Amino acid sequence: QVQLTESGGGSVEAGESLLLSCVVSPYTASHYCLGWFRQAPGKEREAVATIDGDGRRRALDSVKGRFTISQDKPKNTLYLQMNNLKPEDTAMYYCTALVCQDWLPVGWGQGTQVTVSS
């Protein structure tokens, strides 16, 4: 069963940083790739960053150089370090389990809100 629990969102000013965390069930961590998605009001949900079982990472062009996805396997925890946040990063962020072969989402956390003011 896919289980994902996010934490770490909040309200910050532009240029500040936030660290999102996601506790992943051992079953989820061993069967799926992981990622972070986000959805802003009135917009479609989009993939922000993903990581596969070998640690290979991909990121949305608009966050490259600012956001870093990482995974602590012994702790079954996924992270998203977000630096130099911009108002356009404001969204609900979701921890996601993905089928590694085709990167289709199969499970979502409850979401954590990130709000960046200018």
# chains A, B, ... in the order shown; residues from 1 in each chain; ligands from 1

$ residues_around --residues "stretch 66-76 of chain A" --least-positions-apart "2" --cutoff "10 Å" --atoms "only C-alpha atoms" --output "ChimeraX atom specification"
/A:17-30,34-36,48-53,55-60,62-64,78-86

$ select_by_dssp --residues "chain A" --states "strand (DSSP E or B)" --output "ChimeraX atom specification"
/A:4-7,10-13,18-24,33-39,46-51,57-59,67-72,77-82,91-98,105-108,112-117

$ select_by_dssp --residues "chain A" --states "alpha helix (DSSP H)" --output "number ranges by chain"
A: 26-31

$ closest_residue --among "A:Cys33, A:Ala14, A:Leu4, A:Ala91" --to "A:Leu104" --atoms "only C-alpha atoms"
A:Cys33

$ closest_residue --among "A:Ala40, A:Gln3, A:Trp108, A:Tyr32" --to "A:Asp54" --atoms "only C-alpha atoms"
A:Tyr32

$ residues_around --residues "A:Met92" --least-positions-apart "6" --cutoff "10 Å" --atoms "only C-alpha atoms" --output "PyMOL selection string"
chain A and resi 9+37-41+45+110-115

$ closest_residue --among "A:Asp61, A:Ala47, A:Gly15, A:Gln1" --to "A:Tyr94" --atoms "only C-alpha atoms"
A:Ala47

$ closest_residue --among "A:Ser11, A:Val2, A:Val116, A:Gly42" --to "A:Leu98" --atoms "only C-alpha atoms"
A:Val2
